[in-house]
Amino acid sequence: MRDPFHYLRQNYLTALNLVQSCVEQQVKKIVFSSTAALFGGPERSTPIPETAPTQPGSPYGESKLMIERVLYWADAVYGLRSACLRYFNAAGADPLGRAGEDHRPETHLIPLTIDAALGRRPALKLFGTDYPTRDGSCIRDYIHVTDLADAHIRALGQIDNRSVTYNIGNGQGYSNLEVIESVERVSGRKVPWEAAPRREGDPSLLVADSTTLRNKTGWEPKFETLDRIVETALRWRETHPDGYGS
Ligand SMILES: O=c1ccn([C@@H]2O[C@H](COP(=O)(O)OP(=O)(O)O[C@H]3O[C@H](CO)[C@H](O)[C@H](O)[C@H]3O)[C@@H](O)[C@H]2O)c(=O)[nH]1
């Protein structure tokens, strides 16, 4: 939120150049990592289908929506087919331990909560405890990276003749406090945490309705519970304390 032009420049301008090059090089299909953040505006109490109105609550979400529109025109005018996959909260690690999260700096809730439990970071700051949700913390729909990868393969197989847009999530929301509880359950350790002010641009509730993806491609998430997702993330964090540097 502090530097809106950063996302608009980085995401939108570079994607516009890339899509234009794809058209010039006669690329036929493209899979785009879009985001639930383009639904950030109004508060919603039910799972969000693809047909829900888009109203980004952050420049990041706005930039992704702009790229979806670039892809719309690339298809309409040049026939470049695309799959816009709107990830809800991508999480977890490869169950075989070959890949996991390594962001620098890390900003995501699950890895930060695990690190706090493992004593690798100070207490987790919980951004906002006064949201209009069941326990006052934000609610998100966590989707395992393996299930996301599976959705990509299925979507790619579908876009020979037309472009598609899918919302991808488990369809179940977990609050930030429930994430802390899950990490405590799975790790057997307490998570030190403290209440902090809301983070600007955070919608209170984002849960996916992935019925279209399920019906059109037969996709079914294999990691349906938060504990299973956290298990894989914890194993990666324990075996790779320095991420890909270890
Ligand atoms: O130290 C932290 C970090 C996060 N949170 C909270 O945890 C929740 C989840 O935050 P993340 O940063 O893990 O994930 P976001 O929901 O903000 O963002 C994710 O989903 C977005 C779509 O909604 C984008 O796709 C983005 O790239 C992706 O990381 C939010 O309520 C956030 O405020 C904390 O309380 N403390």
# chains A, B, ... in the order shown; residues from 1 in each chain; ligands from 1
$ residues_near_ligand --ligand "ligand 1" --cutoff "6 Å" --atoms "only C-alpha atoms and all ligand atoms" --output "ChimeraX atom specification"
/A:35-37,88-89,107-109,124-127,138,176,199
$ write_last_selection --atoms "C-alpha atoms" --output "mmCIF file, in the first residue's frame"
data_model
loop_
_atom_site.group_PDB
_atom_site.id
_atom_site.type_symbol
_atom_site.label_atom_id
_atom_site.label_comp_id
_atom_site.auth_asym_id
_atom_site.auth_seq_id
_atom_site.Cartn_x
_atom_site.Cartn_y
_atom_site.Cartn_z
ATOM 1 C CA THR A 35 -4.922 -13.765 -7.179
ATOM 2 C CA ALA A 36 -7.860 -13.609 -4.787
ATOM 3 C CA ALA A 37 -6.670 -10.088 -3.993
ATOM 4 C CA PHE A 88 -6.318 -17.892 -2.787
ATOM 5 C CA ASN A 89 -3.586 -18.428 -0.132
ATOM 6 C CA THR A 107 5.818 -11.892 5.070
ATOM 7 C CA HIS A 108 3.375 -14.844 5.008
ATOM 8 C CA LEU A 109 1.449 -16.015 8.004
ATOM 9 C CA LEU A 124 4.329 -13.283 15.781
ATOM 10 C CA LYS A 125 2.497 -10.010 15.271
ATOM 11 C CA LEU A 126 -1.177 -10.739 14.628
ATOM 12 C CA PHE A 127 -2.408 -7.971 12.331
ATOM 13 C CA CYS A 138 -8.928 -12.320 9.226
ATOM 14 C CA ASN A 176 -5.440 -16.246 11.645
ATOM 15 C CA ARG A 199 -2.368 -4.304 7.989
#
$ select_by_dssp --residues "region 51-193 of chain A" --states "strand (DSSP E or B)" --output "count of residues only"
27
$ residues_around --residues "Glu184 (chain A)" --least-positions-apart "5" --cutoff "9 Å" --atoms "only C-alpha atoms" --output "list of chain:residue names"
A:Ile114, A:Ala117, A:Val179, A:Arg189, A:Lys190, A:Val191
$ residues_around --residues "Phe39 (chain A)" --least-positions-apart "6" --cutoff "7 Å" --atoms "only C-alpha atoms" --output "list of chain:residue names"
A:Thr54, A:Gln55, A:Pro56
$ write_last_selection --atoms "C-alpha atoms" --output "short mmCIF file (atom, residue, chain, number, x, y, z; two decimals), in the first residue's frame"
data_model
loop_
_atom_site.label_atom_id
_atom_site.label_comp_id
_atom_site.auth_asym_id
_atom_site.auth_seq_id
_atom_site.Cartn_x
_atom_site.Cartn_y
_atom_site.Cartn_z
CA THR A 54 -13.86 -7.66 -8.96
CA GLN A 55 -12.88 -4.70 -6.80
CA PRO A 56 -9.24 -4.87 -5.70
#
$ residues_around --residues "His152 (chain A)" --least-positions-apart "6" --cutoff "12 Å" --atoms "only C-alpha atoms" --output "list in words"
Ile30, Val31, Phe32, Ser33, Ser34, Ser82, Ala83, Cys84, Leu85, Arg86, Tyr87, Val145, Thr146, Gln158, Ile159, Val164, Thr165, Tyr166, Asn167, Ile168, Leu213, Thr217 and Trp219 of chain A
$ closest_residue --among "A:Gly188, A:Pro105, A:Gly79, A:Gly171" --to "Lys29 (chain A)" --atoms "only C-alpha atoms"
A:Gly79
$ closest_residue --among "A:Leu65, A:Ser58, A:Leu80, A:Ala52" --to "Asn161 (chain A)" --atoms "only C-alpha atoms"
A:Leu80
$ residues_around --residues "region 95-99 of chain A" --least-positions-apart "6" --cutoff "10 Å" --atoms "only C-alpha atoms" --output "ChimeraX atom specification"
/A:145-146,228-229,231-233,235-237,239-240,243-244
$ closest_residue --among "A:Pro132, A:Pro192, A:Pro4, A:Gly40" --to "Ile180 (chain A)" --atoms "only C-alpha atoms"
A:Pro192
$ atom_distance --atom1 "CA of Leu16 (chain A)" --atom2 "CA of Arg162 (chain A)"
20.2 Å
$ select_by_dssp --residues "region 26-184 of chain A" --states "alpha helix (DSSP H)" --output "PyMOL selection string"
chain A and resi 59-78+109-117+145-156+176-184
$ atom_distance --atom1 "CA of Asp209 (chain A)" --atom2 "CA of Ser45 (chain A)"
11.8 Å
$ atom_distance --atom1 "CA of Ala74 (chain A)" --atom2 "CA of Tyr7 (chain A)"
21.3 Å
$ closest_residue --among "A:Met1, A:Leu18, A:Ile110, A:Ile139" --to "Pro59 (chain A)" --atoms "only C-alpha atoms"
A:Met1
$ residues_around --residues "His144 (chain A)" --least-positions-apart "3" --cutoff "7 Å" --atoms "only C-alpha atoms" --output "list in words"
Ala90, Ala91, Gly92, Asp147, Leu148, Phe223 and Ile229 of chain A
$ write_last_selection --atoms "all heavy atoms" --output "PDB file, in the first residue's frame"
ATOM      1  N   ALA A  90      -1.816 -19.573  -1.301  1.00  0.00           N
ATOM      2  CA  ALA A  90      -0.914 -20.689  -1.601  1.00  0.00           C
ATOM      3  C   ALA A  90      -0.069 -20.980  -0.359  1.00  0.00           C
ATOM      4  O   ALA A  90       0.478 -20.064   0.255  1.00  0.00           O
ATOM      5  CB  ALA A  90      -0.017 -20.324  -2.777  1.00  0.00           C
ATOM      6  N   ALA A  91       0.026 -22.252   0.008  1.00  0.00           N
ATOM      7  CA  ALA A  91       0.734 -22.583   1.256  1.00  0.00           C
ATOM      8  C   ALA A  91       1.246 -24.014   1.210  1.00  0.00           C
ATOM      9  O   ALA A  91       0.926 -24.777   0.303  1.00  0.00           O
ATOM     10  CB  ALA A  91      -0.219 -22.402   2.443  1.00  0.00           C
ATOM     11  N   GLY A  92       2.062 -24.361   2.225  1.00  0.00           N
ATOM     12  CA  GLY A  92       2.581 -25.725   2.325  1.00  0.00           C
ATOM     13  C   GLY A  92       3.826 -25.915   1.492  1.00  0.00           C
ATOM     14  O   GLY A  92       4.320 -24.993   0.828  1.00  0.00           O
ATOM     15  N   ASP A 147      -1.702 -29.097  -4.831  1.00  0.00           N
ATOM     16  CA  ASP A 147      -3.040 -28.986  -5.427  1.00  0.00           C
ATOM     17  C   ASP A 147      -3.083 -27.863  -6.458  1.00  0.00           C
ATOM     18  O   ASP A 147      -3.743 -27.971  -7.495  1.00  0.00           O
ATOM     19  CB  ASP A 147      -4.085 -28.748  -4.334  1.00  0.00           C
ATOM     20  CG  ASP A 147      -4.331 -29.998  -3.491  1.00  0.00           C
ATOM     21  OD1 ASP A 147      -4.251 -31.110  -4.045  1.00  0.00           O
ATOM     22  OD2 ASP A 147      -4.593 -29.857  -2.277  1.00  0.00           O
ATOM     23  N   LEU A 148      -2.344 -26.790  -6.181  1.00  0.00           N
ATOM     24  CA  LEU A 148      -2.266 -25.689  -7.148  1.00  0.00           C
ATOM     25  C   LEU A 148      -1.589 -26.155  -8.434  1.00  0.00           C
ATOM     26  O   LEU A 148      -2.047 -25.857  -9.542  1.00  0.00           O
ATOM     27  CB  LEU A 148      -1.431 -24.552  -6.565  1.00  0.00           C
ATOM     28  CG  LEU A 148      -2.131 -23.399  -5.871  1.00  0.00           C
ATOM     29  CD1 LEU A 148      -1.109 -22.361  -5.442  1.00  0.00           C
ATOM     30  CD2 LEU A 148      -3.173 -22.759  -6.778  1.00  0.00           C
ATOM     31  N   PHE A 223      -5.077 -31.886  -0.244  1.00  0.00           N
ATOM     32  CA  PHE A 223      -4.716 -31.374   1.087  1.00  0.00           C
ATOM     33  C   PHE A 223      -5.852 -30.466   1.549  1.00  0.00           C
ATOM     34  O   PHE A 223      -5.796 -29.251   1.410  1.00  0.00           O
ATOM     35  CB  PHE A 223      -3.403 -30.596   1.026  1.00  0.00           C
ATOM     36  CG  PHE A 223      -2.219 -31.464   0.713  1.00  0.00           C
ATOM     37  CD1 PHE A 223      -1.945 -31.838  -0.596  1.00  0.00           C
ATOM     38  CD2 PHE A 223      -1.384 -31.921   1.725  1.00  0.00           C
ATOM     39  CE1 PHE A 223      -0.867 -32.649  -0.901  1.00  0.00           C
ATOM     40  CE2 PHE A 223      -0.293 -32.727   1.438  1.00  0.00           C
ATOM     41  CZ  PHE A 223      -0.039 -33.101   0.123  1.00  0.00           C
ATOM     42  N   ILE A 229      -1.727 -29.145   5.532  1.00  0.00           N
ATOM     43  CA  ILE A 229      -0.902 -28.146   4.842  1.00  0.00           C
ATOM     44  C   ILE A 229       0.237 -27.688   5.761  1.00  0.00           C
ATOM     45  O   ILE A 229       1.405 -27.630   5.354  1.00  0.00           O
ATOM     46  CB  ILE A 229      -1.780 -26.942   4.406  1.00  0.00           C
ATOM     47  CG1 ILE A 229      -2.789 -27.394   3.336  1.00  0.00           C
ATOM     48  CG2 ILE A 229      -0.935 -25.782   3.916  1.00  0.00           C
ATOM     49  CD1 ILE A 229      -3.832 -26.351   2.960  1.00  0.00           C
TER      50      ILE A 229
END
$ decode --residues "region 7-44 of chain A" --atoms "N, CA and C atoms" --output "JSON list (two decimals), in the first residue's frame"
[["chain", "number", "residue", "atom", "x", "y", "z"],
["A", 7, "TYR", "N", 3.92, -2.00, -7.60],
["A", 7, "TYR", "CA", 3.19, -3.16, -8.13],
["A", 7, "TYR", "C", 2.67, -2.90, -9.53],
["A", 8, "LEU", "N", 2.20, -1.66, -9.75],
["A", 8, "LEU", "CA", 1.62, -1.38, -11.06],
["A", 8, "LEU", "C", 2.71, -1.47, -12.13],
["A", 9, "ARG", "N", 3.90, -0.97, -11.80],
["A", 9, "ARG", "CA", 5.00, -1.02, -12.76],
["A", 9, "ARG", "C", 5.52, -2.46, -12.92],
["A", 10, "GLN", "N", 5.87, -3.07, -11.76],
["A", 10, "GLN", "CA", 6.48, -4.40, -11.79],
["A", 10, "GLN", "C", 5.55, -5.43, -12.42],
["A", 11, "ASN", "N", 4.32, -5.46, -11.94],
["A", 11, "ASN", "CA", 3.42, -6.51, -12.41],
["A", 11, "ASN", "C", 2.81, -6.19, -13.76],
["A", 12, "TYR", "N", 2.20, -5.03, -13.86],
["A", 12, "TYR", "CA", 1.42, -4.73, -15.05],
["A", 12, "TYR", "C", 2.31, -4.48, -16.27],
["A", 13, "LEU", "N", 3.28, -3.56, -16.12],
["A", 13, "LEU", "CA", 4.09, -3.19, -17.30],
["A", 13, "LEU", "C", 4.91, -4.38, -17.83],
["A", 14, "THR", "N", 5.53, -5.12, -16.89],
["A", 14, "THR", "CA", 6.35, -6.24, -17.37],
["A", 14, "THR", "C", 5.47, -7.32, -17.99],
["A", 15, "ALA", "N", 4.29, -7.54, -17.42],
["A", 15, "ALA", "CA", 3.38, -8.55, -17.99],
["A", 15, "ALA", "C", 2.89, -8.11, -19.38],
["A", 16, "LEU", "N", 2.59, -6.82, -19.51],
["A", 16, "LEU", "CA", 2.14, -6.30, -20.82],
["A", 16, "LEU", "C", 3.22, -6.56, -21.88],
["A", 17, "ASN", "N", 4.47, -6.28, -21.54],
["A", 17, "ASN", "CA", 5.58, -6.52, -22.48],
["A", 17, "ASN", "C", 5.69, -8.01, -22.80],
["A", 18, "LEU", "N", 5.55, -8.84, -21.76],
["A", 18, "LEU", "CA", 5.67, -10.29, -21.96],
["A", 18, "LEU", "C", 4.56, -10.80, -22.87],
["A", 19, "VAL", "N", 3.33, -10.37, -22.62],
["A", 19, "VAL", "CA", 2.20, -10.85, -23.42],
["A", 19, "VAL", "C", 2.37, -10.38, -24.87],
["A", 20, "GLN", "N", 2.83, -9.15, -25.04],
["A", 20, "GLN", "CA", 3.04, -8.65, -26.41],
["A", 20, "GLN", "C", 4.10, -9.51, -27.12],
["A", 21, "SER", "N", 5.17, -9.84, -26.41],
["A", 21, "SER", "CA", 6.20, -10.71, -27.01],
["A", 21, "SER", "C", 5.62, -12.08, -27.34],
["A", 22, "CYS", "N", 4.79, -12.61, -26.46],
["A", 22, "CYS", "CA", 4.17, -13.92, -26.71],
["A", 22, "CYS", "C", 3.38, -13.87, -28.01],
["A", 23, "VAL", "N", 2.62, -12.78, -28.20],
["A", 23, "VAL", "CA", 1.83, -12.65, -29.43],
["A", 23, "VAL", "C", 2.77, -12.60, -30.63],
["A", 24, "GLU", "N", 3.83, -11.78, -30.52],
["A", 24, "GLU", "CA", 4.77, -11.64, -31.65],
["A", 24, "GLU", "C", 5.47, -12.97, -31.98],
["A", 25, "GLN", "N", 5.74, -13.75, -30.94],
["A", 25, "GLN", "CA", 6.44, -15.04, -31.14],
["A", 25, "GLN", "C", 5.46, -16.18, -31.41],
["A", 26, "GLN", "N", 4.19, -15.84, -31.55],
["A", 26, "GLN", "CA", 3.13, -16.81, -31.85],
["A", 26, "GLN", "C", 2.99, -17.92, -30.79],
["A", 27, "VAL", "N", 3.21, -17.54, -29.55],
["A", 27, "VAL", "CA", 2.90, -18.45, -28.44],
["A", 27, "VAL", "C", 1.39, -18.68, -28.46],
["A", 28, "LYS", "N", 1.00, -19.93, -28.17],
["A", 28, "LYS", "CA", -0.43, -20.26, -28.31],
["A", 28, "LYS", "C", -1.19, -20.20, -26.99],
["A", 29, "LYS", "N", -0.50, -20.54, -25.86],
["A", 29, "LYS", "CA", -1.21, -20.63, -24.59],
["A", 29, "LYS", "C", -0.35, -20.05, -23.48],
["A", 30, "ILE", "N", -1.03, -19.52, -22.48],
["A", 30, "ILE", "CA", -0.30, -18.98, -21.33],
["A", 30, "ILE", "C", -1.13, -19.22, -20.06],
["A", 31, "VAL", "N", -0.45, -19.63, -18.98],
["A", 31, "VAL", "CA", -1.13, -19.78, -17.69],
["A", 31, "VAL", "C", -0.66, -18.63, -16.80],
["A", 32, "PHE", "N", -1.61, -17.89, -16.28],
["A", 32, "PHE", "CA", -1.28, -16.70, -15.50],
["A", 32, "PHE", "C", -1.64, -16.91, -14.03],
["A", 33, "SER", "N", -0.66, -16.64, -13.15],
["A", 33, "SER", "CA", -0.89, -16.72, -11.71],
["A", 33, "SER", "C", -1.59, -15.45, -11.25],
["A", 34, "SER", "N", -2.91, -15.52, -11.17],
["A", 34, "SER", "CA", -3.67, -14.37, -10.69],
["A", 34, "SER", "C", -3.93, -14.55, -9.19],
["A", 35, "THR", "N", -4.84, -13.80, -8.64],
["A", 35, "THR", "CA", -4.92, -13.77, -7.18],
["A", 35, "THR", "C", -6.33, -13.48, -6.68],
["A", 36, "ALA", "N", -6.61, -13.94, -5.46],
["A", 36, "ALA", "CA", -7.86, -13.61, -4.79],
["A", 36, "ALA", "C", -7.90, -12.14, -4.40],
["A", 37, "ALA", "N", -6.72, -11.49, -4.43],
["A", 37, "ALA", "CA", -6.67, -10.09, -3.99],
["A", 37, "ALA", "C", -7.48, -9.17, -4.91],
["A", 38, "LEU", "N", -7.91, -9.66, -6.08],
["A", 38, "LEU", "CA", -8.73, -8.79, -6.90],
["A", 38, "LEU", "C", -10.18, -8.77, -6.44],
["A", 39, "PHE", "N", -10.48, -9.56, -5.39],
["A", 39, "PHE", "CA", -11.80, -9.49, -4.76],
["A", 39, "PHE", "C", -11.73, -8.72, -3.44],
["A", 40, "GLY", "N", -10.72, -7.91, -3.27],
["A", 40, "GLY", "CA", -10.46, -7.32, -1.96],
["A", 40, "GLY", "C", -11.43, -6.27, -1.48],
["A", 41, "GLY", "N", -12.27, -5.74, -2.34],
["A", 41, "GLY", "CA", -13.09, -4.59, -1.96],
["A", 41, "GLY", "C", -14.17, -4.88, -0.93],
["A", 42, "PRO", "N", -15.38, -5.19, -1.38],
["A", 42, "PRO", "CA", -16.48, -5.33, -0.44],
["A", 42, "PRO", "C", -16.31, -6.55, 0.45],
["A", 43, "GLU", "N", -16.85, -6.49, 1.67],
["A", 43, "GLU", "CA", -16.81, -7.65, 2.56],
["A", 43, "GLU", "C", -17.79, -8.69, 2.04],
["A", 44, "ARG", "N", -17.37, -9.96, 2.05],
["A", 44, "ARG", "CA", -18.25, -11.03, 1.58],
["A", 44, "ARG", "C", -18.33, -12.09, 2.65]]
